Each structure stands twice: as structure tokens, then as C-alpha cells.
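Student: Supplied structure: coords-v2.txt, compact mmCIF, C-alpha atoms.
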# COMPACT_ATOMS: atom_id res chain seq x y z
CA MET D 1 8.64 17.75 -30.19
CA ASN D 2 8.40 21.19 -28.59
CA ALA D 3 9.86 22.03 -25.20
CA ASP D 4 6.51 21.97 -23.46
CA ALA D 5 5.68 18.54 -24.84
CA GLY D 6 9.05 17.26 -23.71
CA GLU D 7 8.75 18.36 -20.11
CA PRO D 8 6.71 15.39 -18.84
CA ALA D 9 9.31 12.98 -20.26
CA ARG D 10 12.11 14.92 -18.55
CA ASP D 11 10.17 14.86 -15.31
CA ASP D 12 9.74 11.09 -15.61
CA VAL D 13 13.46 10.60 -16.19
CA GLU D 14 14.38 12.80 -13.24
CA ALA D 15 11.97 10.88 -11.04
CA ARG D 16 13.56 7.61 -12.15
CA ILE D 17 17.04 8.96 -11.38
CA ALA D 18 15.84 9.90 -7.90
CA GLN D 19 14.45 6.39 -7.44
CA VAL D 20 17.72 4.78 -8.57
CA TYR D 21 19.58 7.04 -6.18
CA ARG D 22 17.45 5.98 -3.23
CA GLU D 23 17.67 2.30 -4.10
CA GLU D 24 21.28 1.97 -5.30
CA TRP D 25 23.36 4.63 -3.55
CA ALA D 26 24.56 2.56 -0.60
CA ARG D 27 25.34 -0.50 -2.71
CA ILE D 28 27.35 1.53 -5.23
CA VAL D 29 29.35 3.42 -2.60
CA ALA D 30 29.95 0.26 -0.58
CA GLY D 31 31.12 -1.75 -3.58
CA LEU D 32 33.40 1.01 -4.80
CA THR D 33 34.84 1.47 -1.30
CA ARG D 34 35.69 -2.23 -1.16
CA ARG D 35 37.45 -2.07 -4.49
CA CYS D 36 39.42 1.15 -4.10
CA GLY D 37 39.76 1.36 -0.33
CA ASP D 38 38.86 5.06 -0.19
CA LEU D 39 35.47 6.10 1.20
CA ASP D 40 35.81 9.73 0.18
CA LEU D 41 36.70 8.80 -3.39
CA ALA D 42 33.86 6.27 -3.54
CA GLU D 43 31.24 8.81 -2.47
CA GLU D 44 32.60 11.50 -4.80
CA MET D 45 32.67 9.23 -7.84
CA ALA D 46 29.19 7.89 -7.13
CA ALA D 47 27.91 11.45 -6.89
CA GLU D 48 29.61 12.32 -10.20
CA ALA D 49 28.04 9.27 -11.84
CA PHE D 50 24.57 10.38 -10.76
CA ALA D 51 25.35 13.89 -12.00
CA SER D 52 26.23 12.37 -15.38
CA ALA D 53 22.91 10.54 -15.39
CA VAL D 54 21.07 13.80 -14.73
CA GLU D 55 22.90 15.36 -17.65
CA ARG D 56 22.67 12.52 -20.17
CA TRP D 57 19.55 10.43 -19.54
CA PRO D 58 16.93 13.08 -20.39
CA GLY D 59 18.39 13.30 -23.90
CA GLU D 60 19.63 9.73 -24.42
CA GLY D 61 16.84 7.91 -22.59
CA LEU D 62 17.03 5.50 -19.67
CA PRO D 63 19.55 2.67 -20.02
CA PRO D 64 18.21 -0.89 -19.71
CA ASN D 65 19.87 -1.27 -16.29
CA PRO D 66 20.06 2.18 -14.64
CA GLY D 67 21.76 0.92 -11.48
CA GLY D 68 24.35 -0.95 -13.51
CA TRP D 69 24.99 2.14 -15.65
CA ILE D 70 25.61 4.26 -12.53
CA THR D 71 27.88 1.58 -11.05
CA THR D 72 29.98 1.21 -14.21
CA THR D 73 30.23 4.97 -14.66
CA ALA D 74 31.32 5.45 -11.04
CA TYR D 75 34.00 2.75 -11.37
CA ARG D 76 35.34 4.29 -14.60
CA LYS D 77 35.44 7.74 -13.07
CA ALA D 78 37.33 6.36 -10.07
CA ILE D 79 39.89 4.66 -12.32
CA ASP D 80 40.30 7.84 -14.35
CA ARG D 81 40.87 9.82 -11.17
CA LEU D 82 43.49 7.38 -9.90
CA ARG D 83 45.28 7.37 -13.24
CA ARG D 84 45.62 11.13 -13.11
CA GLU D 85 47.32 10.89 -9.71
CA SER D 86 50.99 10.04 -9.35
CA PHE D 87 51.01 8.76 -5.78
CA ARG D 88 52.01 5.15 -5.32
CA ASP D 89 49.05 4.24 -3.06
CA ALA D 90 46.69 5.52 -5.74
CA LYS D 91 48.33 3.23 -8.29
CA GLN D 92 47.93 0.34 -5.91
CA ARG D 93 44.26 1.09 -5.51
CA GLU D 94 43.90 1.21 -9.28
CA ALA D 95 45.44 -2.24 -9.56
CA LEU D 96 43.06 -3.49 -6.89
CA MET D 97 40.11 -2.13 -8.83
CA LEU D 98 41.24 -3.67 -12.11
CA HIS D 99 41.82 -7.09 -10.55
CA ASP D 100 38.84 -7.32 -8.23
CA PRO D 101 38.41 -10.95 -7.05
CA GLU D 102 34.94 -12.49 -7.06
CA PRO D 103 33.89 -13.24 -4.46
CA PRO D 104 35.85 -10.65 -2.46
CA GLU D 105 38.36 -11.72 0.14
CA PRO D 106 36.73 -12.24 3.56
CA THR D 107 36.86 -9.13 5.73
CA GLY D 108 34.49 -10.03 8.56
CA PRO D 109 32.00 -12.57 9.93
CA ILE D 110 29.34 -11.56 7.39
CA GLU D 111 30.05 -10.94 3.73
CA ASP D 112 28.04 -7.84 2.94
CA ASP D 113 29.55 -4.68 1.53
CA ARG D 114 26.96 -2.40 3.07
CA LEU D 115 27.40 -3.94 6.52
CA ARG D 116 31.16 -3.43 6.28
CA LEU D 117 30.52 0.16 5.24
CA LEU D 118 28.15 0.58 8.18
CA PHE D 119 30.72 -0.54 10.74
CA THR D 120 33.37 1.63 9.09
CA CYS D 121 31.15 4.67 9.40
CA CYS D 122 30.32 3.74 13.00
CA HIS D 123 33.90 3.19 14.15
CA PRO D 124 34.43 4.27 17.80
CA VAL D 125 37.28 6.60 16.86
CA LEU D 126 34.50 8.88 15.57
CA SER D 127 32.09 10.70 17.86
CA LEU D 128 28.58 9.27 18.00
CA GLU D 129 27.27 12.39 16.26
CA ALA D 130 29.80 11.94 13.46
CA ARG D 131 28.98 8.23 13.11
CA VAL D 132 25.28 8.91 12.76
CA ALA D 133 25.67 11.80 10.32
CA LEU D 134 28.23 9.97 8.18
CA THR D 135 26.21 6.78 7.98
CA LEU D 136 23.00 8.58 7.14
CA ARG D 137 24.88 10.23 4.29
CA ILE D 138 27.01 7.32 3.04
CA VAL D 139 24.87 4.27 3.82
CA GLY D 140 21.41 5.83 3.95
CA GLY D 141 22.04 8.14 1.00
CA LEU D 142 20.30 11.03 2.75
CA THR D 143 21.11 14.57 1.74
CA VAL D 144 22.80 17.00 4.09
CA GLU D 145 19.50 18.89 4.29
CA GLU D 146 17.62 15.77 5.40
CA ILE D 147 20.24 14.98 8.04
CA ALA D 148 20.13 18.55 9.31
CA ARG D 149 16.39 18.21 9.79
CA ALA D 150 16.83 14.95 11.67
CA PHE D 151 19.34 16.58 14.04
CA LEU D 152 17.65 20.01 14.21
CA MET D 153 21.00 21.44 13.08
CA ARG D 154 22.26 23.89 10.47
CA GLU D 155 23.21 22.32 7.14
CA SER D 156 26.68 23.86 7.29
CA ALA D 157 27.33 22.18 10.64
CA VAL D 158 26.23 18.78 9.34
CA ARG D 159 28.35 19.14 6.20
CA GLN D 160 31.39 20.02 8.30
CA ARG D 161 30.75 17.07 10.61
CA ILE D 162 30.63 14.64 7.67
CA THR D 163 33.77 16.10 6.08
CA ARG D 164 35.72 15.78 9.32
CA ALA D 165 34.50 12.23 9.87
CA LYS D 166 35.69 11.11 6.44
CA ALA D 167 39.04 12.80 7.00
CA LYS D 168 39.35 11.01 10.35
CA ILE D 169 38.66 7.64 8.71
CA LYS D 170 41.45 8.30 6.23
CA THR D 171 44.04 9.63 8.68
CA ALA D 172 43.28 6.97 11.32
CA ARG D 173 43.37 4.26 8.62
CA ILE D 174 40.08 2.80 9.82
CA PRO D 175 39.67 -0.56 8.09
CA TYR D 176 36.76 -1.31 5.80
CA GLN D 177 35.50 -4.44 7.53
CA VAL D 178 33.10 -5.87 10.06
CA PRO D 179 34.98 -5.95 13.39
CA ALA D 180 36.17 -9.19 14.95
CA ALA D 181 33.67 -11.10 17.05
CA GLU D 182 35.23 -10.02 20.36
CA ASP D 183 34.84 -6.33 19.41
CA LEU D 184 31.29 -6.45 18.12
CA ARG D 185 29.43 -5.89 21.36
CA SER D 186 31.26 -2.67 22.15
CA ARG D 187 30.56 -1.37 18.65
CA VAL D 188 26.87 -2.09 18.27
CA ASP D 189 25.30 0.86 20.14
CA GLY D 190 26.36 3.42 17.55
CA VAL D 191 25.24 1.13 14.75
CA LEU D 192 21.79 0.74 16.30
CA ALA D 193 21.43 4.50 16.72
CA VAL D 194 22.20 4.95 13.05
CA LEU D 195 19.82 2.22 11.91
CA TYR D 196 17.02 3.69 14.01
CA LEU D 197 17.46 7.09 12.40
CA VAL D 198 17.64 5.58 8.91
CA PHE D 199 14.41 3.68 9.60
CA ASN D 200 12.74 6.83 10.87
CA GLU D 201 13.75 8.74 7.75
CA GLY D 202 12.06 6.08 5.65
CA TYR D 203 9.02 5.82 7.90
CA PHE D 204 8.61 9.57 8.15
CA ALA D 205 10.56 11.27 5.35
CA SER D 206 11.91 14.70 6.27
CA GLY D 207 11.72 16.43 2.89
CA PRO D 208 8.49 17.94 1.51
CA GLU D 209 9.68 17.12 -2.01
CA LEU D 210 10.13 13.43 -1.09
CA PRO D 211 7.49 10.71 -0.81
CA ALA D 212 5.96 10.79 2.67
CA LEU D 213 7.10 7.19 3.12
CA ARG D 214 10.38 5.79 1.78
CA GLY D 215 10.02 2.04 1.84
CA GLU D 216 13.50 1.40 0.48
CA LEU D 217 15.01 3.00 3.61
CA THR D 218 12.80 1.16 6.10
CA ALA D 219 13.48 -2.11 4.28
CA GLU D 220 17.23 -1.49 4.29
CA ALA D 221 17.21 -0.56 7.99
CA ILE D 222 15.31 -3.76 8.81
CA ARG D 223 17.63 -5.86 6.64
CA LEU D 224 20.76 -4.47 8.27
CA THR D 225 19.28 -4.78 11.75
CA ARG D 226 18.60 -8.45 11.07
CA LEU D 227 22.25 -8.86 10.04
CA VAL D 228 23.46 -7.13 13.20
CA GLY D 229 21.21 -9.51 15.14
CA GLU D 230 22.97 -12.45 13.47
CA LEU D 231 26.28 -10.96 14.54
CA LEU D 232 25.09 -10.50 18.12
CA PRO D 233 22.58 -13.25 18.94
CA GLY D 234 21.02 -12.60 22.31
CA ASP D 235 21.65 -8.84 22.28
CA THR D 236 18.40 -7.50 23.69
CA GLU D 237 18.67 -3.99 22.27
CA THR D 238 19.29 -5.25 18.75
CA ALA D 239 16.28 -7.53 19.13
CA GLY D 240 14.25 -4.69 20.62
CA LEU D 241 15.11 -2.41 17.71
CA LEU D 242 14.14 -5.08 15.20
CA ALA D 243 10.82 -5.62 16.98
CA LEU D 244 10.20 -1.86 17.00
CA MET D 245 10.87 -1.61 13.28
CA LEU D 246 8.67 -4.59 12.43
CA LEU D 247 5.72 -3.38 14.53
CA SER D 248 6.02 0.06 12.95
CA GLU D 249 6.47 -1.22 9.41
CA ALA D 250 3.37 -3.39 9.83
CA ARG D 251 1.28 -0.20 9.76
CA SER D 252 3.04 1.50 6.86
CA GLY D 253 0.64 0.21 4.19
CA VAL D 254 -2.28 2.17 5.63
CA ARG D 255 -0.52 5.31 6.81
CA LEU D 256 -1.40 7.32 3.70
CA THR D 257 -4.64 8.16 1.94
CA ASP D 258 -4.90 7.92 -1.83
CA ASP D 259 -4.21 11.66 -1.89
CA GLY D 260 -0.97 11.27 0.06
CA GLU D 261 -2.22 12.50 3.44
CA LEU D 262 -0.89 10.82 6.56
CA ILE D 263 -3.52 8.92 8.54
CA ARG D 264 -3.29 9.14 12.31
CA LEU D 265 -2.81 5.90 14.21
CA GLY D 266 -6.26 6.01 15.74
CA ASP D 267 -7.89 6.39 12.32
CA GLN D 268 -6.00 3.63 10.50
CA ASP D 269 -7.69 0.49 9.19
CA ARG D 270 -6.34 -2.03 11.69
CA GLY D 271 -7.61 -4.91 9.62
CA ALA D 272 -5.16 -3.91 6.89
CA TRP D 273 -2.08 -3.97 9.12
CA ASP D 274 0.50 -6.62 8.20
CA ARG D 275 -0.27 -9.39 10.69
CA GLY D 276 2.85 -11.32 9.71
CA LEU D 277 5.14 -8.48 10.72
CA ILE D 278 3.14 -7.91 13.90
CA ALA D 279 3.39 -11.58 14.86
CA GLU D 280 7.15 -11.57 14.27
CA GLY D 281 7.63 -8.39 16.30
CA LEU D 282 5.53 -9.66 19.20
CA ALA D 283 7.34 -13.00 19.14
CA ILE D 284 10.68 -11.19 19.48
CA LEU D 285 9.37 -9.24 22.48
CA ASP D 286 8.02 -12.42 24.06
CA GLY D 287 11.55 -13.79 23.95
CA LEU D 288 12.98 -10.79 25.82
CA ARG D 289 12.65 -11.36 29.55
CA GLY D 290 15.30 -8.99 30.87
CA GLU D 291 14.53 -7.04 34.03
CA SER D 292 16.11 -3.86 32.67
CA PRO D 293 14.79 -3.22 29.16
CA GLY D 294 16.62 -0.65 27.09
CA ARG D 295 15.40 2.20 24.96
CA TYR D 296 14.46 0.23 21.86
CA GLU D 297 12.75 -2.56 23.76
CA LEU D 298 10.60 -0.02 25.64
CA LEU D 299 9.67 1.74 22.41
CA ALA D 300 8.80 -1.62 20.89
CA ARG D 301 6.60 -2.49 23.86
CA ILE D 302 4.77 0.83 23.45
CA ASN D 303 4.14 -0.10 19.84
CA ALA D 304 2.98 -3.54 20.96
CA VAL D 305 0.27 -1.96 23.10
CA HIS D 306 -1.02 -0.10 20.05
CA VAL D 307 -0.99 -3.05 17.64
CA THR D 308 -2.68 -5.43 20.10
CA ALA D 309 -5.65 -3.10 20.68
CA ALA D 310 -8.52 -4.35 18.52
CA VAL D 311 -9.85 -0.81 18.18
CA ALA D 312 -8.29 2.54 19.05
CA ASP D 313 -10.72 3.19 21.91
CA ARG D 314 -9.47 0.06 23.70
CA THR D 315 -5.81 1.13 23.76
CA ASP D 316 -4.27 0.65 27.21
CA TRP D 317 -3.10 4.22 27.68
CA ALA D 318 -2.20 3.65 31.33
CA ARG D 319 0.31 1.02 30.22
CA ILE D 320 1.72 3.40 27.61
CA VAL D 321 2.15 6.15 30.20
CA GLU D 322 3.97 3.66 32.44
CA LEU D 323 6.30 2.63 29.62
CA TYR D 324 7.11 6.24 28.75
CA GLU D 325 7.88 6.94 32.41
CA ARG D 326 10.34 4.04 32.38
CA LEU D 327 11.84 5.36 29.16
CA GLU D 328 12.26 8.82 30.68
CA ARG D 329 14.28 7.31 33.54
CA ILE D 330 16.83 5.64 31.25
CA ASP D 331 16.73 8.03 28.26
CA PRO D 332 15.43 11.41 29.42
CA SER D 333 14.69 13.89 26.65
CA PRO D 334 12.05 16.53 25.88
CA VAL D 335 10.76 14.41 22.97
CA VAL D 336 10.13 11.43 25.25
CA THR D 337 8.29 13.72 27.68
CA LEU D 338 6.23 15.13 24.79
CA ASN D 339 5.14 11.62 23.85
CA ARG D 340 4.27 10.85 27.47
CA ALA D 341 2.09 13.97 27.47
CA ILE D 342 0.16 12.65 24.47
CA ALA D 343 -0.53 9.43 26.37
CA LEU D 344 -1.51 11.42 29.47
CA ALA D 345 -4.07 13.32 27.41
CA GLU D 346 -5.69 10.03 26.47
CA ARG D 347 -5.51 8.57 29.96
CA ASP D 348 -6.51 11.72 31.86
CA SER D 349 -7.43 14.91 29.98
CA PRO D 350 -6.04 17.25 27.31
CA GLU D 351 -5.93 20.10 29.83
CA SER D 352 -3.58 18.23 32.16
CA ALA D 353 -1.38 17.25 29.25
CA LEU D 354 -1.19 20.85 28.02
CA VAL D 355 0.47 21.90 31.25
CA LEU D 356 3.25 19.38 30.66
CA VAL D 357 3.56 20.23 26.97
CA ASP D 358 3.80 23.97 27.60
CA SER D 359 6.70 23.31 29.99
CA LEU D 360 8.66 21.98 27.00
CA ARG D 361 8.43 25.13 24.90
CA ASP D 362 12.05 26.25 25.34
CA PRO D 363 13.75 23.05 24.15
CA LEU D 364 11.14 22.18 21.51
CA GLU D 365 10.06 25.55 20.08
CA GLY D 366 11.64 24.71 16.73
CA PHE D 367 10.26 21.16 16.62
CA HIS D 368 7.10 20.77 14.53
CA ALA D 369 5.74 17.90 16.65
CA PHE D 370 5.63 20.20 19.69
CA HIS D 371 3.26 22.59 17.92
CA MET D 372 1.31 19.74 16.36
CA THR D 373 0.76 18.20 19.79
CA ARG D 374 -0.32 21.55 21.23
CA ALA D 375 -2.71 22.02 18.31
CA GLU D 376 -4.40 18.67 18.88
CA LEU D 377 -4.62 19.18 22.64
CA LEU D 378 -6.02 22.70 22.26
CA ARG D 379 -8.52 21.33 19.75
CA ALA D 380 -9.60 18.61 22.18
CA ALA D 381 -9.83 21.18 24.98
CA GLY D 382 -12.27 23.32 22.97
CA ARG D 383 -9.89 26.20 22.18
CA PRO D 384 -10.07 26.36 18.37
CA ALA D 385 -8.51 29.79 17.77
CA GLN D 386 -5.37 28.87 19.70
CA ALA D 387 -5.33 25.48 17.99
CA VAL D 388 -5.32 27.15 14.55
CA GLU D 389 -2.32 29.23 15.58
CA ALA D 390 -0.49 26.10 16.76
CA TYR D 391 -1.32 24.30 13.51
CA ASP D 392 0.16 27.23 11.58
CA HIS D 393 3.43 26.88 13.51
CA ALA D 394 3.46 23.11 12.96
CA ILE D 395 2.84 23.44 9.21
CA ALA D 396 5.62 26.00 8.88
CA LEU D 397 8.11 23.64 10.56
CA ALA D 398 6.93 20.29 9.18
CA GLY D 399 9.04 18.58 6.54
CA ASN D 400 6.95 15.53 5.70
CA ALA D 401 4.70 15.98 2.67
CA GLY D 402 1.90 13.75 3.95
CA GLU D 403 1.91 15.40 7.34
CA ILE D 404 1.72 18.88 5.85
CA VAL D 405 -1.42 17.84 3.98
CA HIS D 406 -2.88 16.35 7.15
CA LEU D 407 -2.08 19.34 9.35
CA THR D 408 -3.46 21.74 6.78
CA ARG D 409 -6.75 19.87 6.64
CA ARG D 410 -6.99 19.70 10.43
CA ARG D 411 -6.33 23.42 10.68
CA ASP D 412 -8.81 24.33 7.97
CA GLU D 413 -11.53 22.35 9.74
CA LEU D 414 -11.15 24.77 12.65
CA ALA D 415 -10.54 27.97 10.71
CA VAL D 416 -12.65 30.71 12.28
CA PRO D 417 -13.71 33.52 9.92
CA PRO D 418 -12.77 37.00 11.16
CA ALA D 419 -15.43 38.92 13.02
CA PRO D 420 -17.25 41.58 10.90
CA ARG D 421 -15.97 45.11 11.21
CA LYS D 422 -18.07 47.73 12.89
CA PRO D 423 -18.87 50.57 10.53
CA GLY D 424 -16.03 53.09 10.65
CA GLY D 425 -14.23 51.19 13.36
CA PRO D 426 -11.13 48.97 13.50
CA ALA D 427 -11.25 45.25 12.85
CA ASN D 428 -12.26 43.16 15.82
CA GLY D 429 -9.91 40.29 16.61
CA GLU D 430 -9.10 37.93 19.38
CA SER D 431 -5.96 38.76 21.30
CA ARG D 432 -3.50 35.92 21.52
As C-alpha cells - that is how I would like this structure written.
Tutor:
Amino acid sequence: MNADAGEPARDDVEARIAQVYREEWARIVAGLTRRCGDLDLAEEMAAEAFASAVERWPGEGLPPNPGGWITTTAYRKAIDRLRRESFRDAKQREALMLHDPEPPEPTGPIEDDRLRLLFTCCHPVLSLEARVALTLRIVGGLTVEEIARAFLMRESAVRQRITRAKAKIKTARIPYQVPAAEDLRSRVDGVLAVLYLVFNEGYFASGPELPALRGELTAEAIRLTRLVGELLPGDTETAGLLALMLLSEARSGVRLTDDGELIRLGDQDRGAWDRGLIAEGLAILDGLRGESPGRYELLARINAVHVTAAVADRTDWARIVELYERLERIDPSPVVTLNRAIALAERDSPESALVLVDSLRDPLEGFHAFHMTRAELLRAAGRPAQAVEAYDHAIALAGNAGEIVHLTRRRDELAVPPAPRKPGGPANGESR
């Protein structure tokens, strides 16, 4: 077989490795951490195992159980590493790995390696920023580049944050376990923040080379949020986050065209939404009767307004504006204000919303959704040339493959051909 003929097979293998990585990374790292007691070693050996797969599988072919192959390879590499070290604690970890009890000894109220790993990464000795970055990397399996996009940060800063967090876990001897019941409530806020970001990465993937939707991440975020809810029954923010995820996930099946373009909420086939997930999400919200709803409950209630509208034109935008105003009072941020502006455009007019959006330019200039929102509002206000410019900015900053396709199409629909030149004169153009 010549090299050209072999390329499709190599591409298929590399795609399968990427799939195994997305599906198995957290389980492999969590299981290895339980056995050797060293998070840094677990991540490093898992990464080396995947690197071995990249090197060997294209030539040897896929093993019958790719996830099992990666797991076994990572364990063997960890044992080899420990054997090369002379420190006593390393030898003890090796013995632990070689005599791993099944099932493992209880280390918390719920027996789940990934949940233990989640609480380890979200330990309060770490800053919230470190908890989120570390968990996205270790539990979510996101790359440093993807995390940097989520935080609007430089990759070098994210990498340094993760390295310091892992060093802090080791020096502070943070245990690999779900905390005791009396400590759970004080620990849950950081966990919920992490789960929300993991869900968002799956629901709206941040890499143009990735699938626009990553169902394995949204499913994992929902699964872990359910487990946290079992740990903290009656916690309204955990319930609110679960409702938010379910109501969002209910729409995921119709968020892409066959060509991979994202479909805007107002254009989605509402009859194809998952009514089971919607019913579960609404039932959770019906059970929340607190007078002071938190961030996730308010976001879930905004989603509830959307999913209960039979058609897009009957959406209660006044209610959505009200909910965003309440959210701004408890969780003020330029992104929340940007979303309120979108609702204002629907309730009032695009011109009034543009005034609010333009006031957010300084904090959101590097955020693609700012330019996307401006583009849509300028389009609705009958200013196509300015809308095209805003689309260009949004496309340049966007990281989601499906959204790039969508924004490009929307821009091209408005593309205005340049005015013809006068003979012998300069090109005519519209000043911006």
C-alpha cells in the first residue's frame, strides 16, 4: 500500500484515539490516582500511554479494547517509573498498585473514582481559579488551549496555574477522597463552577478542530452533578445547575445541521427537543421555591422560558429580561449584561440594545460573542455594512467549528460588493 492510500486509515486511527481520549481520560487518571496516590504521576503516565497509542496504533492497528489498552499501558508505565525511584514512599505506592483491592477501600460517601478526583481538584486550599483549571484538565480532559479559551487567558498562564495547583495538592497532602458529610456544603460551590464549565465545553466546544458538540462532556457533567445532588439533597444551587444542564441538553440533538452548522435557538425544530429531559428539568425547578434563587437556578429559569414557548415568536422576552436583571444583581458581569441586551432587543428594539452592547466594548472586545451580538443587532437595525465588519471580528475570534460555519454564512448573506471605480479615480468605499 502506498503512503497516499494509507493516509485515510491513519486518519481513522487518529480520530479513534481522540475519541478514546475524550471518553476515557478522566476514568484512567482517576483510577490510577486511587492506586498510586499521586495525581501528577497519574496524569503524566496517562498522557504517556496516549502518546504510545499515537505512535503504535497506526502501524499495529486498533486493539480490541482501546480504553483497556490505554489503562494497562498507563499502569505499567507508572510501575516502571516507581521502580526506577529509590524513595521509600514510591516503593509503598508501587506495593499499593500491585495489591489493589477490589472493590477499593471506602474513601467517602459515594464510591466513584471520578467524584473523588473532582473533590480533590476542588479542595479549598486551592484558589477557585486553580480548582476550575485543574479539574477541567484532569477530570474534563480538556487541553490547556481549550481552558485558556474558556478563561480568556494566555496558555502559558493556564499551564502555570495547573502546575502550581498540582504541586499544592502534593505539598499540602490533600487526600484523594470525597469529603466528610459535614464538610460537603462548604465545598460544593467550587465543584459546581467546575461542572458548569465542563458542561459548557461539551455543549459549545472551544476548539475549531473539535466537534461542535461534545456529548461525552455534557453527559459526564450531568452525571457528576447528579452525584453531587445525592451528596447534598436539598441544595438549591446543585438542583438549579442540574435543571439548567437538562434543559440545555434537551436541545442538543437539533443544534447542528447535517453540514455541521450551529442552528440558532429561534430556528430549531422544537418538536425534536427531548421532552423527557425538559420535563425532568422543569420538575426540578417546580420543586425549588426559595425566595432568593442563585445563579444556576436563574439561568435554568431563563432556559425554562425558552423551552416552554411553543414557537419562538411566543417567547416571553419580558420575563427573560427580568430574570437577567435579577442575575445581574447577584452575579454582575459584562457577559450577563450582554445576554440581557439580547433579550432587550427582542422585547424593545435592536437600536436600544446596541447602546447597551456598545458600552461593553472595553471588557468584551476580545470575546467573540460580543461581536456576534453586535453583528446580529446591526443586521436587524438595517446597517449591513457595519454588520459584515462585526461578523468578521466574530469569526476571527470564534473557536467553535459549527459557529464559525454559521457566522460565515450569515456574513456572506449580507456581503456588499464594492462600488465600481470611477475611471481614473480612486476606489469608492464606505468609511467606517
Student: Write out as a PyMOL selection string the residues lying within 9 Å of range 338-342 of chain D, counting only C-alpha atoms and excluding same-chain residues fewer than 5 positions away.
Tutor: chain D and resi 320-325+328+333+347+350+352-357+360+369-370+373+377
Student: What separation in Å, quoted to one decimal, exists between CA of Glu389 in chain D and CA of Asp313 in chain D?
Tutor: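 Computed distance, CA of Glu389 in chain D to CA of Asp313 in chain D, equals 28.1 Å.
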Student: Mind checking which residues fall within 12 Å of Glu376 in chain D, counting only C-alpha atoms, ignoring those fewer than 2 positions away in the same chain, and posting them as a count of residues only?
Tutor: 35
Student: Take CA of Arg361 in chain D and CA of Arg149 in chain D and report the distance between them in Å, one decimal.
Tutor: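 Distance reported for this atom pair: 18.4 Å.
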Student: If I take CA of Arg10 in chain D and CA of Arg22 in chain D, how far is one from the other in Å, to one decimal?
Tutor: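 About the pair CA of Arg10 in chain D and CA of Arg22 in chain D: they are 18.5 Å apart.
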Student: Which residues are close to Ile284 in chain D, i.e. within 9 Å by only C-alpha atoms, leaving aside same-chain residues fewer than 3 positions away? Reply as a list in words.
Tutor: Ala239, Gly240, Leu242, Ala243, Ala279, Glu280, Gly281, Gly287 and Leu288 of chain D
Student: Which one is closest to Ala180 in chain D: D:Leu231, D:Ala300, D:Val254, D:Ala283? Count all atoms listed in the file.
Tutor: D:Leu231
Student: Can you tell me which residues surround range 122-132 of chain D at a distance of at most 8 Å, considering all atoms listed in the file, apart from same-chain residues fewer than 4 positions away, and format the answer as number ranges by chain?
Tutor: D: 118, 136, 161-162, 165, 168, 174, 187, 190-191, 193-194
Student: Please define a box with edges along x, y and z of the file around all atoms of range 218-221 of chain D given in the file, extend it by 8 Å on each side, and return its centre and edge lengths in Å to one decimal, as lines of an AutoDock Vina configuration file.
Tutor:
center_x = 15.0
center_y = -0.5
center_z = 6.1
size_x = 20.4
size_y = 19.3
size_z = 19.7
Student: Using only C-alpha atoms, can you tell me which of D:Thr257, D:Ile263, D:Thr120, D:Arg114 comes closest to Thr225 in chain D?
Tutor: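 Comparing D:Thr257, D:Ile263, D:Thr120, D:Arg114 against Thr225 in chain D, the winner is D:Arg114.
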Student: For each of D:Glu403, D:Glu297, D:Glu146, D:Asp362, take the minimum atom-to-atom distance to Arg255 in chain D, counting all atoms listed in the file, then give the residue where this is smallest.
Tutor: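 Under the stated criterion, the closest residue is D:Glu403.
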Student: Which one of D:Arg326, D:Arg56, D:Arg27, D:Arg81 sits closest to Val13 in chain D if you count all atoms listed in the file?
Tutor: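 Closest candidate: D:Arg56.
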Student: Taking into account only C-alpha atoms, which residue in the set D:Ala51, D:Ile330, D:Leu39, D:Ala312 is nearest to Thr171 in chain D?
Tutor: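 Of all the options, D:Leu39 lies closest to Thr171 in chain D.
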